[in-house]
Amino acid sequence: MLTTTTTRVLEPGDLAAALAVLDRDPVANAFVAARVKVAGLDPWRLGGEMWGWYADGRLASLCYAGANLVPIGAGPEAVRAFADRARRSGRRCSSIVGPAPATTELWSLLEPHWGPAREVRSHQPLMVTRSMPAGITPDPLVRRVRKDEMETIMPACVAMFTEEVGVSPLAGDGGLLYQARVAELVGSGRSFARVENGRVVFKAEIGAATDLACQIQGVWVAPEHRGKGLSVTGMAAVLGYALREVAPVVSLYVNDYNTAARATYRRVGFEEVGAFMSVLF
């Protein structure tokens, strides 16, 4: 049977159809869905274009093309269409990230044109929980970061980002975009930390949030405090905030080689439900 397919940049009038695609997998799509539900599909507000792949006139798959290139609900044919558009547009993203099968295929098509990547993280377990863990007391000293504490939280955020990504977020624009993102999370009440003597010893953020699911990111313990169990009780505290106040499902994804972090998340009740892949430029 012949099918007619097409790919185009979505417009504000396509919002309902795009949300229907995103809501098919609210956990895996939390990052993009959160942006779309706040900003809509206007590229200026969204921070990038949303590409739509249509099969027989129905919107079937998406690809967010901004600072990240993110395939959403994309099978092999949609991935090929998105790769073709990305190749013609040229690389404007700092990473490709998304569910491992689609992202693996997308990178295989783009690598001859965009490669080599600075780093490829081919298997990043996606983990989920819907309840608080039994037998773990959340750290009572983990709290929301106040708006007047930007100078306190920023050094920890920069250290976490540099350790996780391999480059400083202060490069390029002097950190203006990164500082704005941290300020956005603090201002929205989604940045959490344990602060001792004016220094952050544990921190984490609820980086993406919809009414269906949210995603914890930026988990970090100060090096001199590692091995003391702060990550377990701290994560339990942040999880409590997330489940009570944000969404019924809490997710995160982690590098497969970070065995300590994976063990921490399992202790707090997270279970692996899939995998992401990231290509860093």
# chains A, B, ... in the order shown; residues from 1 in each chain; ligands from 1

$ residues_around --residues "segment 12-23 of chain A" --least-positions-apart "5" --cutoff "9 Å" --atoms "only C-alpha atoms" --output "list of chain:residue names"
A:Ala28, A:Asn29, A:Ala30, A:Val32, A:Ala33, A:Val36, A:Lys37, A:Gly40, A:Leu41, A:Asp42, A:Met50, A:Gly52, A:Arg58, A:Leu59, A:Ala60, A:Ser61, A:Leu62, A:Ile72, A:Gly73, A:Leu212

$ closest_atom_pairs --of "segment 139-252 of chain A" --to "segment 265-269 of chain A" --cutoff "10 Å" --atoms "only C-alpha atoms" --output "tab-separated table"
residue	atom	partner	partner_atom	distance
A:Ser231	CA	A:Tyr265	CA	8.9
A:Val232	CA	A:Val268	CA	6.5
A:Thr233	CA	A:Val268	CA	8.3
A:Gly234	CA	A:Val268	CA	9.8
A:Met235	CA	A:Val268	CA	7.1
A:Ala236	CA	A:Val268	CA	6.2
A:Ala237	CA	A:Val268	CA	9.9
A:Leu239	CA	A:Val268	CA	8.6
A:Leu252	CA	A:Tyr265	CA	9.0

$ select_by_dssp --residues "segment 17-252 of chain A" --states "alpha helix (DSSP H)" --output "compact mmCIF listing (two decimals) with N, CA and C atoms, in the first residue's frame"
# COMPACT_ATOMS: atom_id res chain seq x y z
N ALA A 17 -2.21 19.04 17.78
CA ALA A 17 -1.72 17.80 17.18
C ALA A 17 -0.34 17.44 17.72
N ALA A 18 0.53 18.46 17.93
CA ALA A 18 1.86 18.20 18.46
C ALA A 18 1.78 17.69 19.90
N LEU A 19 0.90 18.28 20.70
CA LEU A 19 0.76 17.82 22.09
C LEU A 19 0.24 16.39 22.14
N ALA A 20 -0.62 16.02 21.21
CA ALA A 20 -1.12 14.65 21.17
C ALA A 20 0.03 13.66 20.93
N VAL A 21 0.97 14.02 20.07
CA VAL A 21 2.14 13.16 19.83
C VAL A 21 3.01 13.11 21.09
N LEU A 22 3.27 14.26 21.71
CA LEU A 22 4.11 14.31 22.91
C LEU A 22 3.50 13.51 24.05
N ALA A 30 9.24 14.35 28.28
CA ALA A 30 9.01 15.39 29.28
C ALA A 30 9.74 16.69 28.96
N PHE A 31 10.99 16.59 28.51
CA PHE A 31 11.79 17.80 28.27
C PHE A 31 11.15 18.68 27.19
N VAL A 32 10.81 18.08 26.06
CA VAL A 32 10.24 18.85 24.96
C VAL A 32 8.80 19.26 25.28
N ALA A 33 8.03 18.35 25.87
CA ALA A 33 6.64 18.66 26.19
C ALA A 33 6.55 19.84 27.14
N ALA A 34 7.44 19.91 28.12
CA ALA A 34 7.42 21.02 29.07
C ALA A 34 7.64 22.35 28.35
N ARG A 35 8.57 22.37 27.40
CA ARG A 35 8.83 23.60 26.66
C ARG A 35 7.63 23.99 25.81
N VAL A 36 7.06 23.00 25.12
CA VAL A 36 5.95 23.29 24.22
C VAL A 36 4.72 23.76 24.99
N LYS A 37 4.46 23.17 26.16
CA LYS A 37 3.27 23.56 26.92
C LYS A 37 3.40 24.97 27.49
N VAL A 38 4.62 25.46 27.63
CA VAL A 38 4.82 26.84 28.10
C VAL A 38 4.92 27.81 26.93
N ALA A 39 5.65 27.44 25.89
CA ALA A 39 5.98 28.38 24.82
C ALA A 39 5.16 28.20 23.55
N PRO A 43 8.72 29.56 17.01
CA PRO A 43 10.15 29.28 17.16
C PRO A 43 10.88 30.26 18.08
N TRP A 44 10.47 31.53 18.07
CA TRP A 44 11.15 32.53 18.88
C TRP A 44 10.98 32.22 20.37
N ARG A 45 9.73 31.88 20.76
CA ARG A 45 9.47 31.58 22.16
C ARG A 45 9.96 30.17 22.53
N LEU A 46 9.87 29.25 21.60
CA LEU A 46 10.25 27.86 21.86
C LEU A 46 11.75 27.67 21.93
N PRO A 76 11.81 4.56 11.70
CA PRO A 76 12.89 4.68 10.72
C PRO A 76 12.60 5.67 9.59
N GLU A 77 11.38 5.68 9.05
CA GLU A 77 11.09 6.57 7.93
C GLU A 77 11.09 8.03 8.38
N ALA A 78 10.51 8.30 9.54
CA ALA A 78 10.52 9.67 10.06
C ALA A 78 11.94 10.11 10.37
N VAL A 79 12.76 9.23 10.94
CA VAL A 79 14.14 9.56 11.25
C VAL A 79 14.90 9.94 9.98
N ARG A 80 14.67 9.20 8.91
CA ARG A 80 15.35 9.52 7.65
C ARG A 80 14.94 10.90 7.15
N ALA A 81 13.65 11.22 7.28
CA ALA A 81 13.17 12.53 6.85
C ALA A 81 13.78 13.64 7.70
N PHE A 82 13.85 13.42 9.02
CA PHE A 82 14.43 14.43 9.90
C PHE A 82 15.93 14.59 9.64
N ALA A 83 16.62 13.50 9.39
CA ALA A 83 18.05 13.57 9.09
C ALA A 83 18.29 14.36 7.81
N ASP A 84 17.44 14.16 6.81
CA ASP A 84 17.58 14.88 5.55
C ASP A 84 17.40 16.39 5.77
N ARG A 85 16.39 16.77 6.56
CA ARG A 85 16.17 18.19 6.84
C ARG A 85 17.33 18.76 7.66
N ALA A 86 17.80 18.02 8.64
CA ALA A 86 18.90 18.49 9.47
C ALA A 86 20.17 18.67 8.65
N ARG A 87 20.40 17.75 7.75
CA ARG A 87 21.60 17.82 6.90
C ARG A 87 21.54 19.06 6.02
N ARG A 88 20.36 19.34 5.46
CA ARG A 88 20.22 20.51 4.60
C ARG A 88 20.33 21.81 5.39
N SER A 89 19.85 21.80 6.62
CA SER A 89 19.87 23.02 7.45
C SER A 89 21.26 23.32 7.99
N ALA A 100 17.02 6.00 22.64
CA ALA A 100 18.20 5.42 22.00
C ALA A 100 17.97 4.90 20.58
N PRO A 101 16.90 4.14 20.30
CA PRO A 101 16.77 3.60 18.94
C PRO A 101 16.72 4.68 17.86
N ALA A 102 15.86 5.69 18.05
CA ALA A 102 15.73 6.74 17.04
C ALA A 102 16.99 7.59 16.96
N THR A 103 17.60 7.89 18.11
CA THR A 103 18.79 8.74 18.13
C THR A 103 19.98 8.03 17.51
N THR A 104 20.08 6.73 17.73
CA THR A 104 21.14 5.94 17.11
C THR A 104 21.03 6.00 15.59
N GLU A 105 19.83 5.82 15.08
CA GLU A 105 19.61 5.86 13.64
C GLU A 105 19.85 7.26 13.09
N LEU A 106 19.37 8.27 13.81
CA LEU A 106 19.55 9.65 13.36
C LEU A 106 21.03 10.00 13.26
N TRP A 107 21.82 9.61 14.27
CA TRP A 107 23.24 9.91 14.26
C TRP A 107 23.97 9.13 13.16
N SER A 108 23.54 7.91 12.89
CA SER A 108 24.20 7.14 11.83
C SER A 108 24.05 7.84 10.47
N LEU A 109 22.93 8.53 10.29
CA LEU A 109 22.69 9.25 9.04
C LEU A 109 23.39 10.60 9.01
N LEU A 110 23.58 11.22 10.18
CA LEU A 110 24.17 12.56 10.22
C LEU A 110 25.68 12.54 10.43
N GLU A 111 26.20 11.46 11.01
CA GLU A 111 27.63 11.43 11.34
C GLU A 111 28.54 11.69 10.13
N PRO A 112 28.24 11.14 8.94
CA PRO A 112 29.12 11.43 7.81
C PRO A 112 29.20 12.92 7.45
N HIS A 113 28.19 13.68 7.86
CA HIS A 113 28.14 15.10 7.52
C HIS A 113 28.49 15.99 8.71
N TRP A 114 28.13 15.57 9.91
CA TRP A 114 28.33 16.39 11.11
C TRP A 114 29.47 15.91 11.99
N MET A 150 21.47 33.09 44.22
CA MET A 150 22.10 32.75 42.93
C MET A 150 23.62 32.63 43.06
N GLU A 151 24.24 33.51 43.82
CA GLU A 151 25.70 33.45 43.97
C GLU A 151 26.13 32.21 44.74
N THR A 152 25.22 31.66 45.54
CA THR A 152 25.52 30.44 46.29
C THR A 152 25.39 29.20 45.41
N ILE A 153 24.34 29.16 44.60
CA ILE A 153 24.07 27.95 43.82
C ILE A 153 24.89 27.87 42.53
N MET A 154 25.27 29.01 41.95
CA MET A 154 25.93 28.98 40.64
C MET A 154 27.24 28.17 40.61
N PRO A 155 28.14 28.33 41.59
CA PRO A 155 29.38 27.54 41.52
C PRO A 155 29.11 26.03 41.49
N ALA A 156 28.12 25.57 42.24
CA ALA A 156 27.78 24.15 42.23
C ALA A 156 27.21 23.74 40.88
N CYS A 157 26.37 24.60 40.29
CA CYS A 157 25.80 24.29 38.98
C CYS A 157 26.88 24.21 37.91
N VAL A 158 27.82 25.14 37.94
CA VAL A 158 28.92 25.15 36.97
C VAL A 158 29.79 23.90 37.15
N ALA A 159 30.08 23.55 38.40
CA ALA A 159 30.90 22.36 38.66
C ALA A 159 30.20 21.10 38.16
N MET A 160 28.89 20.99 38.43
CA MET A 160 28.13 19.83 37.97
C MET A 160 28.15 19.73 36.45
N PHE A 161 27.84 20.84 35.78
CA PHE A 161 27.77 20.84 34.32
C PHE A 161 29.13 20.46 33.71
N THR A 162 30.20 21.06 34.23
CA THR A 162 31.53 20.79 33.69
C THR A 162 31.91 19.33 33.89
N GLU A 163 31.58 18.79 35.06
CA GLU A 163 31.88 17.39 35.36
C GLU A 163 31.07 16.45 34.47
N GLU A 164 29.80 16.80 34.24
CA GLU A 164 28.89 15.93 33.50
C GLU A 164 29.12 16.00 31.99
N VAL A 165 29.28 17.22 31.45
CA VAL A 165 29.31 17.41 30.01
C VAL A 165 30.74 17.45 29.46
N LEU A 176 26.07 33.51 30.11
CA LEU A 176 24.81 34.26 30.23
C LEU A 176 23.59 33.35 30.06
N LEU A 177 23.61 32.50 29.03
CA LEU A 177 22.47 31.61 28.80
C LEU A 177 22.31 30.61 29.94
N TYR A 178 23.44 30.08 30.41
CA TYR A 178 23.38 29.10 31.49
C TYR A 178 22.88 29.74 32.78
N GLN A 179 23.38 30.93 33.08
CA GLN A 179 22.93 31.63 34.28
C GLN A 179 21.43 31.93 34.20
N ALA A 180 20.95 32.27 33.00
CA ALA A 180 19.51 32.53 32.83
C ALA A 180 18.71 31.27 33.08
N ARG A 181 19.21 30.13 32.64
CA ARG A 181 18.51 28.86 32.86
C ARG A 181 18.47 28.52 34.35
N VAL A 182 19.60 28.69 35.04
CA VAL A 182 19.62 28.43 36.48
C VAL A 182 18.65 29.36 37.20
N ALA A 183 18.65 30.63 36.80
CA ALA A 183 17.75 31.61 37.42
C ALA A 183 16.29 31.24 37.17
N GLU A 184 16.00 30.71 35.99
CA GLU A 184 14.63 30.28 35.67
C GLU A 184 14.19 29.16 36.61
N LEU A 185 15.07 28.18 36.85
CA LEU A 185 14.74 27.06 37.73
C LEU A 185 14.59 27.52 39.17
N VAL A 186 15.48 28.40 39.61
CA VAL A 186 15.37 28.94 40.97
C VAL A 186 14.07 29.73 41.11
N GLY A 187 13.78 30.57 40.13
CA GLY A 187 12.60 31.42 40.20
C GLY A 187 11.30 30.64 40.18
N LEU A 230 24.72 11.36 51.24
CA LEU A 230 23.93 12.57 51.02
C LEU A 230 23.11 12.48 49.74
N SER A 231 23.60 11.76 48.75
CA SER A 231 22.86 11.69 47.48
C SER A 231 21.56 10.92 47.66
N VAL A 232 21.57 9.88 48.49
CA VAL A 232 20.36 9.07 48.69
C VAL A 232 19.29 9.88 49.42
N THR A 233 19.64 10.44 50.59
CA THR A 233 18.66 11.20 51.36
C THR A 233 18.28 12.50 50.65
N GLY A 234 19.23 13.10 49.93
CA GLY A 234 18.92 14.31 49.17
C GLY A 234 17.97 14.03 48.02
N MET A 235 18.22 12.95 47.29
CA MET A 235 17.31 12.58 46.20
C MET A 235 15.92 12.26 46.73
N ALA A 236 15.85 11.61 47.90
CA ALA A 236 14.55 11.30 48.49
C ALA A 236 13.80 12.59 48.80
N ALA A 237 14.51 13.60 49.25
CA ALA A 237 13.87 14.88 49.56
C ALA A 237 13.34 15.54 48.30
N VAL A 238 14.15 15.58 47.24
CA VAL A 238 13.71 16.19 45.98
C VAL A 238 12.55 15.40 45.38
N LEU A 239 12.63 14.07 45.47
CA LEU A 239 11.54 13.23 44.97
C LEU A 239 10.24 13.54 45.70
N GLY A 240 10.32 13.79 47.00
CA GLY A 240 9.13 14.13 47.75
C GLY A 240 8.48 15.40 47.24
N TYR A 241 9.29 16.44 47.01
CA TYR A 241 8.76 17.68 46.43
C TYR A 241 8.10 17.40 45.08
N ALA A 242 8.79 16.63 44.25
CA ALA A 242 8.31 16.38 42.88
C ALA A 242 6.96 15.67 42.89
N LEU A 243 6.83 14.63 43.69
CA LEU A 243 5.59 13.85 43.72
C LEU A 243 4.44 14.63 44.36
N ARG A 244 4.74 15.39 45.38
CA ARG A 244 3.69 16.15 46.08
C ARG A 244 3.19 17.33 45.26
N GLU A 245 4.11 18.00 44.58
CA GLU A 245 3.78 19.32 44.04
C GLU A 245 3.84 19.43 42.53

$ atom_distance --atom1 "atom CA of Ser251 of chain A" --atom2 "atom CA of Met127 of chain A"
5.5 Å

$ atom_distance --atom1 "atom CA of Arg118 of chain A" --atom2 "atom CA of Asn258 of chain A"
18.8 Å

$ closest_residue --among "A:His123, A:Arg143, A:Arg8, A:Arg262" --to "Phe192 of chain A" --atoms "only C-alpha atoms"
A:Arg143

$ select_by_dssp --residues "segment 42-259 of chain A" --states "strand (DSSP E)" --output "ChimeraX atom specification"
/A:49-55,58-65,68-72,95-99,119-129,143-144,191-196,199-209,214-221,250-253

$ closest_residue --among "A:Leu280, A:Ile216, A:Val142, A:Val128" --to "Glu196 of chain A" --atoms "only C-alpha atoms"
A:Val142

$ closest_residue --among "A:Ala213, A:Phe270, A:Val120, A:Phe202" --to "Arg24 of chain A" --atoms "only C-alpha atoms"
A:Ala213
